[in-house]
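Shown next: query.csv, given as CSV, N, CA and C atoms.
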```
chain,number,residue,atom,x,y,z
A,1,MET,N,22.8,33.0,-22.1
A,1,MET,CA,23.9,32.1,-22.5
A,1,MET,C,24.8,31.8,-21.3
A,2,LEU,N,25.1,32.8,-20.5
A,2,LEU,CA,25.9,32.7,-19.4
A,2,LEU,C,25.2,31.8,-18.3
A,3,ASN,N,23.9,32.0,-18.2
A,3,ASN,CA,23.1,31.3,-17.2
A,3,ASN,C,23.1,29.8,-17.6
A,4,ASN,N,23.0,29.4,-18.9
A,4,ASN,CA,23.0,28.0,-19.3
A,4,ASN,C,24.3,27.3,-19.0
A,5,ASN,N,25.5,28.1,-19.1
A,5,ASN,CA,26.8,27.5,-18.8
A,5,ASN,C,26.9,27.2,-17.3
A,6,ILE,N,26.4,28.1,-16.5
A,6,ILE,CA,26.4,27.9,-15.1
A,6,ILE,C,25.6,26.7,-14.7
A,7,LYS,N,24.4,26.5,-15.3
A,7,LYS,CA,23.6,25.4,-15.0
A,7,LYS,C,24.2,24.1,-15.4
A,8,THR,N,24.9,24.1,-16.6
A,8,THR,CA,25.5,22.9,-17.1
A,8,THR,C,26.7,22.5,-16.2
A,9,LYS,N,27.5,23.5,-15.8
A,9,LYS,CA,28.6,23.2,-14.9
A,9,LYS,C,28.2,22.7,-13.6
A,10,THR,N,27.1,23.3,-13.1
A,10,THR,CA,26.6,22.9,-11.8
A,10,THR,C,26.1,21.4,-11.9
A,11,LYS,N,25.4,21.1,-12.9
A,11,LYS,CA,25.0,19.7,-13.1
A,11,LYS,C,26.1,18.7,-13.2
A,12,ILE,N,27.2,19.1,-13.9
A,12,ILE,CA,28.4,18.2,-14.0
A,12,ILE,C,29.0,18.1,-12.7
A,13,ILE,N,29.2,19.1,-11.9
A,13,ILE,CA,29.8,19.0,-10.6
A,13,ILE,C,29.0,18.2,-9.7
A,14,ILE,N,27.7,18.3,-9.7
A,14,ILE,CA,26.8,17.5,-8.9
A,14,ILE,C,26.9,16.0,-9.3
A,15,MET,N,27.0,15.7,-10.6
A,15,MET,CA,27.1,14.3,-11.0
A,15,MET,C,28.4,13.7,-10.6
A,16,ILE,N,29.5,14.5,-10.6
A,16,ILE,CA,30.8,14.1,-10.2
A,16,ILE,C,30.8,13.8,-8.7
A,17,ILE,N,30.2,14.7,-7.9
A,17,ILE,CA,30.1,14.5,-6.5
A,17,ILE,C,29.3,13.2,-6.2
A,18,LEU,N,28.2,13.0,-6.8
A,18,LEU,CA,27.4,11.8,-6.6
A,18,LEU,C,28.1,10.5,-7.0
A,19,ALA,N,28.8,10.6,-8.1
A,19,ALA,CA,29.6,9.4,-8.5
A,19,ALA,C,30.7,9.1,-7.5
A,20,THR,N,31.3,10.1,-7.0
A,20,THR,CA,32.4,9.9,-6.0
A,20,THR,C,31.8,9.3,-4.7
A,21,ILE,N,30.7,9.9,-4.3
A,21,ILE,CA,30.1,9.3,-3.1
A,21,ILE,C,29.6,7.9,-3.3
A,22,THR,N,29.1,7.6,-4.4
A,22,THR,CA,28.7,6.2,-4.7
A,22,THR,C,29.8,5.3,-4.8
A,23,ILE,N,30.9,5.7,-5.4
A,23,ILE,CA,32.1,4.8,-5.5
A,23,ILE,C,32.8,4.6,-4.2
A,24,PHE,N,33.1,5.7,-3.5
A,24,PHE,CA,33.9,5.6,-2.3
A,24,PHE,C,33.0,5.5,-1.0
A,25,GLY,N,31.8,5.8,-1.1
A,25,GLY,CA,30.9,5.8,0.1
A,25,GLY,C,30.4,4.5,0.4
A,26,ILE,N,30.3,3.6,-0.5
A,26,ILE,CA,29.8,2.3,-0.3
A,26,ILE,C,31.0,1.4,-0.1
A,27,GLY,N,31.1,0.8,1.1
A,27,GLY,CA,32.2,-0.1,1.5
A,27,GLY,C,32.0,-1.4,0.9
A,28,ASN,N,33.0,-2.2,1.0
A,28,ASN,CA,33.0,-3.6,0.5
A,28,ASN,C,32.7,-4.5,1.6
A,29,LYS,N,31.6,-4.2,2.4
A,29,LYS,CA,31.2,-5.1,3.5
A,29,LYS,C,30.3,-6.2,3.0
A,30,VAL,N,30.6,-7.4,3.3
A,30,VAL,CA,29.8,-8.5,3.0
A,30,VAL,C,29.4,-9.2,4.3
A,31,TYR,N,28.1,-9.3,4.5
A,31,TYR,CA,27.5,-9.9,5.7
A,31,TYR,C,27.1,-11.4,5.5
A,32,ALA,N,27.4,-11.9,4.4
A,32,ALA,CA,27.0,-13.3,4.1
A,32,ALA,C,28.1,-14.3,4.5
A,33,GLU,N,27.7,-15.5,4.9
A,33,GLU,CA,28.7,-16.5,5.2
A,33,GLU,C,29.3,-17.0,3.9
A,34,THR,N,30.5,-17.3,4.0
A,34,THR,CA,31.2,-17.8,2.8
A,34,THR,C,31.5,-19.3,2.7
A,35,SER,N,31.5,-20.0,3.8
A,35,SER,CA,31.7,-21.4,3.8
A,35,SER,C,30.4,-22.1,3.6
A,36,VAL,N,30.4,-23.2,2.9
A,36,VAL,CA,29.2,-24.0,2.6
A,36,VAL,C,28.7,-24.6,3.9
A,37,SER,N,29.5,-25.1,4.8
A,37,SER,CA,29.0,-25.7,6.0
A,37,SER,C,28.3,-24.7,6.9
A,38,SER,N,28.8,-23.5,7.0
A,38,SER,CA,28.1,-22.5,7.8
A,38,SER,C,26.7,-22.0,7.1
A,39,ILE,N,26.7,-22.1,5.8
A,39,ILE,CA,25.4,-21.7,5.2
A,39,ILE,C,24.4,-22.8,5.5
A,40,PHE,N,24.8,-24.1,5.4
A,40,PHE,CA,23.8,-25.2,5.6
A,40,PHE,C,23.4,-25.2,7.1
A,41,SER,N,24.4,-25.0,8.0
A,41,SER,CA,24.0,-25.0,9.4
A,41,SER,C,23.1,-23.8,9.7
A,42,GLY,N,23.2,-22.7,9.1
A,42,GLY,CA,22.3,-21.6,9.3
A,42,GLY,C,20.9,-21.9,8.8
A,43,GLY,N,20.9,-22.6,7.7
A,43,GLY,CA,19.6,-23.1,7.1
A,43,GLY,C,18.9,-24.1,8.0
A,44,ARG,N,19.7,-25.0,8.6
A,44,ARG,CA,19.1,-26.0,9.5
A,44,ARG,C,18.5,-25.3,10.8
A,45,GLU,N,19.3,-24.4,11.3
A,45,GLU,CA,18.8,-23.6,12.5
A,45,GLU,C,17.5,-22.9,12.2
A,46,PHE,N,17.4,-22.3,11.0
A,46,PHE,CA,16.2,-21.6,10.6
A,46,PHE,C,15.0,-22.5,10.5
A,47,ILE,N,15.2,-23.7,9.9
A,47,ILE,CA,14.1,-24.6,9.8
A,47,ILE,C,13.7,-25.1,11.2
A,48,GLU,N,14.7,-25.4,12.0
A,48,GLU,CA,14.3,-25.9,13.4
A,48,GLU,C,13.6,-24.8,14.2
A,49,GLN,N,14.0,-23.6,14.0
A,49,GLN,CA,13.3,-22.5,14.7
A,49,GLN,C,11.9,-22.4,14.2
A,50,GLY,N,11.7,-22.6,12.9
A,50,GLY,CA,10.3,-22.5,12.4
A,50,GLY,C,9.4,-23.7,12.9
A,51,LYS,N,10.0,-24.9,13.0
A,51,LYS,CA,9.3,-26.0,13.5
A,51,LYS,C,8.9,-25.9,15.0
A,52,SER,N,9.8,-25.3,15.8
A,52,SER,CA,9.4,-25.1,17.2
A,52,SER,C,8.4,-24.0,17.4
A,53,ASN,N,8.3,-23.1,16.5
A,53,ASN,CA,7.3,-22.0,16.7
A,53,ASN,C,6.2,-22.2,15.6
A,54,ALA,N,5.7,-23.4,15.4
A,54,ALA,CA,4.8,-23.7,14.3
A,54,ALA,C,3.4,-23.2,14.7
A,55,GLY,N,3.0,-23.1,16.0
A,55,GLY,CA,1.7,-22.6,16.4
A,55,GLY,C,1.5,-21.1,16.1
A,56,ILE,N,0.5,-20.8,15.4
A,56,ILE,CA,0.2,-19.4,15.0
A,56,ILE,C,-1.0,-19.0,15.9
A,57,ASP,N,-0.8,-17.8,16.5
A,57,ASP,CA,-1.9,-17.3,17.4
A,57,ASP,C,-2.8,-16.4,16.5
A,58,THR,N,-3.9,-17.0,16.0
A,58,THR,CA,-4.7,-16.3,15.1
A,58,THR,C,-5.5,-15.2,15.8
A,59,THR,N,-5.7,-15.3,17.1
A,59,THR,CA,-6.4,-14.3,17.9
A,59,THR,C,-5.6,-13.0,17.9
A,60,ALA,N,-4.3,-13.1,18.1
A,60,ALA,CA,-3.5,-11.9,18.1
A,60,ALA,C,-3.5,-11.3,16.7
A,61,ILE,N,-3.4,-12.1,15.6
A,61,ILE,CA,-3.4,-11.6,14.3
A,61,ILE,C,-4.8,-10.9,14.0
A,62,ALA,N,-5.9,-11.6,14.4
A,62,ALA,CA,-7.2,-11.0,14.1
A,62,ALA,C,-7.4,-9.7,14.9
A,63,LYS,N,-6.8,-9.6,16.1
A,63,LYS,CA,-6.9,-8.4,16.9
A,63,LYS,C,-6.2,-7.3,16.2
A,64,ASP,N,-5.0,-7.6,15.7
A,64,ASP,CA,-4.2,-6.5,15.1
A,64,ASP,C,-4.8,-6.1,13.8
A,65,LEU,N,-5.3,-7.0,13.0
A,65,LEU,CA,-5.8,-6.7,11.7
A,65,LEU,C,-7.3,-6.1,11.8
A,66,GLY,N,-7.9,-6.5,12.9
A,66,GLY,CA,-9.3,-6.0,13.1
A,66,GLY,C,-9.3,-4.5,13.3
A,67,GLY,N,-8.3,-3.9,14.0
A,67,GLY,CA,-8.3,-2.5,14.2
A,67,GLY,C,-8.1,-1.7,12.9
A,68,ILE,N,-7.2,-2.3,12.1
A,68,ILE,CA,-6.9,-1.7,10.8
A,68,ILE,C,-8.1,-1.8,9.9
A,69,GLY,N,-8.8,-2.9,9.9
A,69,GLY,CA,-10.0,-3.1,9.1
A,69,GLY,C,-11.1,-2.1,9.6
A,70,GLN,N,-11.2,-1.9,10.8
A,70,GLN,CA,-12.2,-0.9,11.3
A,70,GLN,C,-11.9,0.5,10.8
A,71,VAL,N,-10.7,0.8,10.8
A,71,VAL,CA,-10.3,2.2,10.3
A,71,VAL,C,-10.7,2.3,8.9
A,72,PHE,N,-10.3,1.3,8.0
A,72,PHE,CA,-10.7,1.3,6.6
A,72,PHE,C,-12.2,1.3,6.4
A,73,LEU,N,-12.9,0.6,7.3
A,73,LEU,CA,-14.4,0.6,7.2
A,73,LEU,C,-15.0,2.0,7.5
A,74,VAL,N,-14.5,2.6,8.5
A,74,VAL,CA,-14.9,4.0,8.8
A,74,VAL,C,-14.6,4.9,7.7
A,75,ILE,N,-13.4,4.9,7.2
A,75,ILE,CA,-13.1,5.7,6.0
A,75,ILE,C,-14.0,5.4,4.8
A,76,GLY,N,-14.2,4.2,4.6
A,76,GLY,CA,-15.1,3.8,3.4
A,76,GLY,C,-16.5,4.3,3.6
A,77,ILE,N,-17.0,4.1,4.8
A,77,ILE,CA,-18.4,4.6,5.1
A,77,ILE,C,-18.5,6.1,5.0
A,78,GLY,N,-17.5,6.8,5.6
A,78,GLY,CA,-17.5,8.2,5.5
A,78,GLY,C,-17.4,8.7,4.1
A,79,THR,N,-16.6,8.1,3.3
A,79,THR,CA,-16.5,8.4,1.8
A,79,THR,C,-17.8,8.2,1.1
A,80,ALA,N,-18.4,7.0,1.4
A,80,ALA,CA,-19.7,6.7,0.8
A,80,ALA,C,-20.8,7.7,1.2
A,81,VAL,N,-20.8,8.1,2.4
A,81,VAL,CA,-21.8,9.1,2.8
A,81,VAL,C,-21.6,10.4,2.1
A,82,GLY,N,-20.3,10.8,2.0
A,82,GLY,CA,-20.0,12.1,1.4
A,82,GLY,C,-20.3,12.0,-0.1
A,83,VAL,N,-20.0,11.0,-0.8
A,83,VAL,CA,-20.3,10.8,-2.2
A,83,VAL,C,-21.8,10.8,-2.4
A,84,GLY,N,-22.5,10.1,-1.5
A,84,GLY,CA,-24.0,10.0,-1.6
A,84,GLY,C,-24.6,11.4,-1.5
A,85,MET,N,-24.1,12.2,-0.5
A,85,MET,CA,-24.6,13.5,-0.3
A,85,MET,C,-24.4,14.4,-1.6
A,86,TYR,N,-23.2,14.3,-2.1
A,86,TYR,CA,-22.8,15.0,-3.3
A,86,TYR,C,-23.7,14.7,-4.5
A,87,LEU,N,-23.9,13.3,-4.7
A,87,LEU,CA,-24.8,12.9,-5.8
A,87,LEU,C,-26.2,13.4,-5.6
A,88,GLY,N,-26.7,13.3,-4.4
A,88,GLY,CA,-28.1,13.8,-4.1
A,88,GLY,C,-28.2,15.3,-4.3
A,89,PHE,N,-27.2,16.1,-3.9
A,89,PHE,CA,-27.2,17.5,-4.2
A,89,PHE,C,-27.2,17.8,-5.7
A,90,LYS,N,-26.3,17.1,-6.4
A,90,LYS,CA,-26.2,17.3,-7.9
A,90,LYS,C,-27.6,16.9,-8.5
A,91,TYR,N,-28.2,15.9,-8.0
A,91,TYR,CA,-29.5,15.4,-8.6
A,91,TYR,C,-30.6,16.5,-8.4
A,92,MET,N,-30.6,17.1,-7.2
A,92,MET,CA,-31.6,18.1,-6.9
A,92,MET,C,-31.4,19.4,-7.6
A,93,THR,N,-30.2,19.8,-7.9
A,93,THR,CA,-29.9,21.1,-8.5
A,93,THR,C,-29.6,21.1,-10.0
A,94,SER,N,-29.7,19.9,-10.6
A,94,SER,CA,-29.3,19.9,-12.0
A,94,SER,C,-30.6,19.8,-12.9
A,95,GLY,N,-30.3,19.9,-14.2
A,95,GLY,CA,-31.4,19.8,-15.2
A,95,GLY,C,-31.5,18.4,-15.6
A,96,ALA,N,-32.3,18.2,-16.7
A,96,ALA,CA,-32.7,16.8,-17.1
A,96,ALA,C,-31.5,16.0,-17.6
A,97,ASP,N,-30.6,16.7,-18.3
A,97,ASP,CA,-29.4,16.0,-18.9
A,97,ASP,C,-28.5,15.6,-17.7
A,98,GLU,N,-28.3,16.5,-16.8
A,98,GLU,CA,-27.4,16.2,-15.7
A,98,GLU,C,-28.0,15.1,-14.8
A,99,LYS,N,-29.3,15.1,-14.6
A,99,LYS,CA,-30.0,14.1,-13.8
A,99,LYS,C,-29.7,12.7,-14.4
A,100,ALA,N,-29.7,12.6,-15.7
A,100,ALA,CA,-29.4,11.3,-16.3
A,100,ALA,C,-28.0,10.8,-16.0
A,101,LYS,N,-27.0,11.8,-16.0
A,101,LYS,CA,-25.6,11.4,-15.7
A,101,LYS,C,-25.5,11.0,-14.2
A,102,VAL,N,-26.2,11.7,-13.3
A,102,VAL,CA,-26.2,11.4,-11.9
A,102,VAL,C,-26.8,10.0,-11.7
A,103,LYS,N,-27.8,9.7,-12.4
A,103,LYS,CA,-28.4,8.3,-12.2
A,103,LYS,C,-27.5,7.2,-12.7
A,104,GLU,N,-26.7,7.5,-13.7
A,104,GLU,CA,-25.6,6.5,-14.1
A,104,GLU,C,-24.6,6.4,-13.0
A,105,ARG,N,-24.2,7.5,-12.4
A,105,ARG,CA,-23.2,7.4,-11.3
A,105,ARG,C,-23.8,6.7,-10.1
A,106,LEU,N,-25.1,6.8,-9.9
A,106,LEU,CA,-25.7,6.1,-8.8
A,106,LEU,C,-25.6,4.6,-8.9
A,107,ILE,N,-25.5,4.1,-10.1
A,107,ILE,CA,-25.3,2.6,-10.3
A,107,ILE,C,-23.9,2.2,-9.7
A,108,TYR,N,-22.9,3.0,-10.1
A,108,TYR,CA,-21.6,2.7,-9.6
A,108,TYR,C,-21.5,2.9,-8.1
A,109,TYR,N,-22.2,3.9,-7.6
A,109,TYR,CA,-22.2,4.2,-6.2
A,109,TYR,C,-22.8,3.0,-5.4
A,110,ALA,N,-23.9,2.4,-5.9
A,110,ALA,CA,-24.5,1.3,-5.3
A,110,ALA,C,-23.6,0.1,-5.3
A,111,VAL,N,-22.9,-0.2,-6.4
A,111,VAL,CA,-22.0,-1.3,-6.6
A,111,VAL,C,-20.9,-1.1,-5.6
A,112,ALA,N,-20.4,0.1,-5.4
A,112,ALA,CA,-19.3,0.4,-4.5
A,112,ALA,C,-19.7,0.1,-3.0
A,113,ILE,N,-20.9,0.5,-2.7
A,113,ILE,CA,-21.4,0.2,-1.3
A,113,ILE,C,-21.5,-1.3,-1.1
A,114,VAL,N,-22.1,-2.0,-2.1
A,114,VAL,CA,-22.2,-3.5,-2.0
A,114,VAL,C,-20.8,-4.1,-1.8
A,115,LEU,N,-19.8,-3.7,-2.5
A,115,LEU,CA,-18.5,-4.2,-2.4
A,115,LEU,C,-17.9,-3.9,-1.0
A,116,LEU,N,-18.1,-2.7,-0.5
A,116,LEU,CA,-17.6,-2.3,0.8
A,116,LEU,C,-18.2,-3.2,1.9
A,117,VAL,N,-19.5,-3.4,1.9
A,117,VAL,CA,-20.2,-4.2,2.9
A,117,VAL,C,-19.8,-5.7,2.7
A,118,SER,N,-19.7,-6.2,1.5
A,118,SER,CA,-19.3,-7.6,1.3
A,118,SER,C,-17.9,-7.9,1.7
A,119,ALA,N,-17.0,-6.9,1.5
A,119,ALA,CA,-15.6,-7.1,1.9
A,119,ALA,C,-15.5,-7.2,3.4
A,120,VAL,N,-16.3,-6.5,4.1
A,120,VAL,CA,-16.3,-6.6,5.6
A,120,VAL,C,-16.8,-8.0,6.0
A,121,GLY,N,-17.9,-8.5,5.3
A,121,GLY,CA,-18.4,-9.8,5.6
A,121,GLY,C,-17.5,-10.9,5.3
A,122,VAL,N,-16.8,-10.8,4.1
A,122,VAL,CA,-15.8,-11.8,3.7
A,122,VAL,C,-14.7,-11.9,4.7
A,123,THR,N,-14.2,-10.7,5.1
A,123,THR,CA,-13.1,-10.7,6.1
A,123,THR,C,-13.5,-11.3,7.4
A,124,LYS,N,-14.7,-11.1,7.9
A,124,LYS,CA,-15.1,-11.7,9.1
A,124,LYS,C,-15.3,-13.2,9.0
A,125,ILE,N,-15.7,-13.7,7.8
A,125,ILE,CA,-15.8,-15.1,7.6
A,125,ILE,C,-14.4,-15.8,7.6
A,126,ILE,N,-13.5,-15.1,6.9
A,126,ILE,CA,-12.1,-15.7,6.9
A,126,ILE,C,-11.5,-15.7,8.3
A,127,VAL,N,-11.7,-14.7,9.1
A,127,VAL,CA,-11.2,-14.7,10.4
A,127,VAL,C,-11.8,-15.8,11.3
A,128,SER,N,-13.2,-16.0,11.1
A,128,SER,CA,-13.8,-17.0,11.9
A,128,SER,C,-13.4,-18.4,11.4
A,129,ILE,N,-13.1,-18.6,10.2
A,129,ILE,CA,-12.5,-19.9,9.7
A,129,ILE,C,-11.1,-20.1,10.2
A,130,GLY,N,-10.3,-19.0,10.2
A,130,GLY,CA,-9.0,-19.1,10.8
A,130,GLY,C,-9.0,-19.4,12.3
A,131,ASP,N,-10.0,-18.9,13.0
A,131,ASP,CA,-10.0,-19.2,14.4
A,131,ASP,C,-10.4,-20.7,14.7
A,132,SER,N,-11.2,-21.3,13.8
A,132,SER,CA,-11.6,-22.7,14.0
A,132,SER,C,-10.6,-23.7,13.6
A,133,ILE,N,-9.5,-23.2,12.9
A,133,ILE,CA,-8.5,-24.2,12.4
A,133,ILE,C,-7.5,-24.5,13.6
```

Could you render the structure from this file as C-alpha cells?
Amino acid sequence: MLNNNIKTKTKIIIMIILATITIFGIGNKVYAETSVSSIFSGGREFIEQGKSNAGIDTTAIAKDLGGIGQVFLVIGIGTAVGVGMYLGFKYMTSGADEKAKVKERLIYYAVAIVLLVSAVGVTKIIVSIGDSI
C-alpha cells in the first residue's frame, strides 16, 4: 500500500515537471515572415533559384544510389543463400510431412529470389533511362 502511494506521487511529480518544462521551456519564437510582401518576395527568390539550378546531375545521383543499392543487393543475396542453406538442411533432415512443408517454402523462396534479381534489373533500366534524358 505504501509502495503504491509512492509510485502515484512520483508519477504526479514527473507529470508536473514535464508540464512545466513544456509550458515554460518552449519560447514564443516565430521564424516566419509576417508581412505579405516579404512572403511573396521569398517565394519569388525560391522559384528563381530553382530555375537557375534546373539541370540535374543524374550521374552523381546514380553514383550515390548505386552504392546503397549494392549494399542492399549483397544483404539480399547473403540472406537468400542463408535461407537456401537452411531449407536444404531442413529438407535433408526431416520426415515426409516436413519435406512437404519445406517444398511449399521453396516456392516462396524462388519467388523472393526472382523479385530480388528483377529489382536490380529494373533499377539499372531506370538509371540508364535517366542518363539518356

- Message: Just want the 8 Å neighbourhood of range 80-87 of chain A, counted on all atoms listed in the file, with same-chain residues fewer than 2 positions away dropped. Output as a PyMOL selection string.
- Response: chain A and resi 74-78+89-93+102-103+105-106+109+112-113

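Between CA of Leu18 in chain A and CA of Ile6 in chain A the separation is 18.2 Å.
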
- Note on the structure: Taken to one decimal, the atom C of Leu65 in chain A-atom N of Ala119 in chain A distance is 14.2 Å

- So how many Å separate atom N of Val127 in chain A and atom C of Ile61 in chain A, to one decimal? 9.3 Å
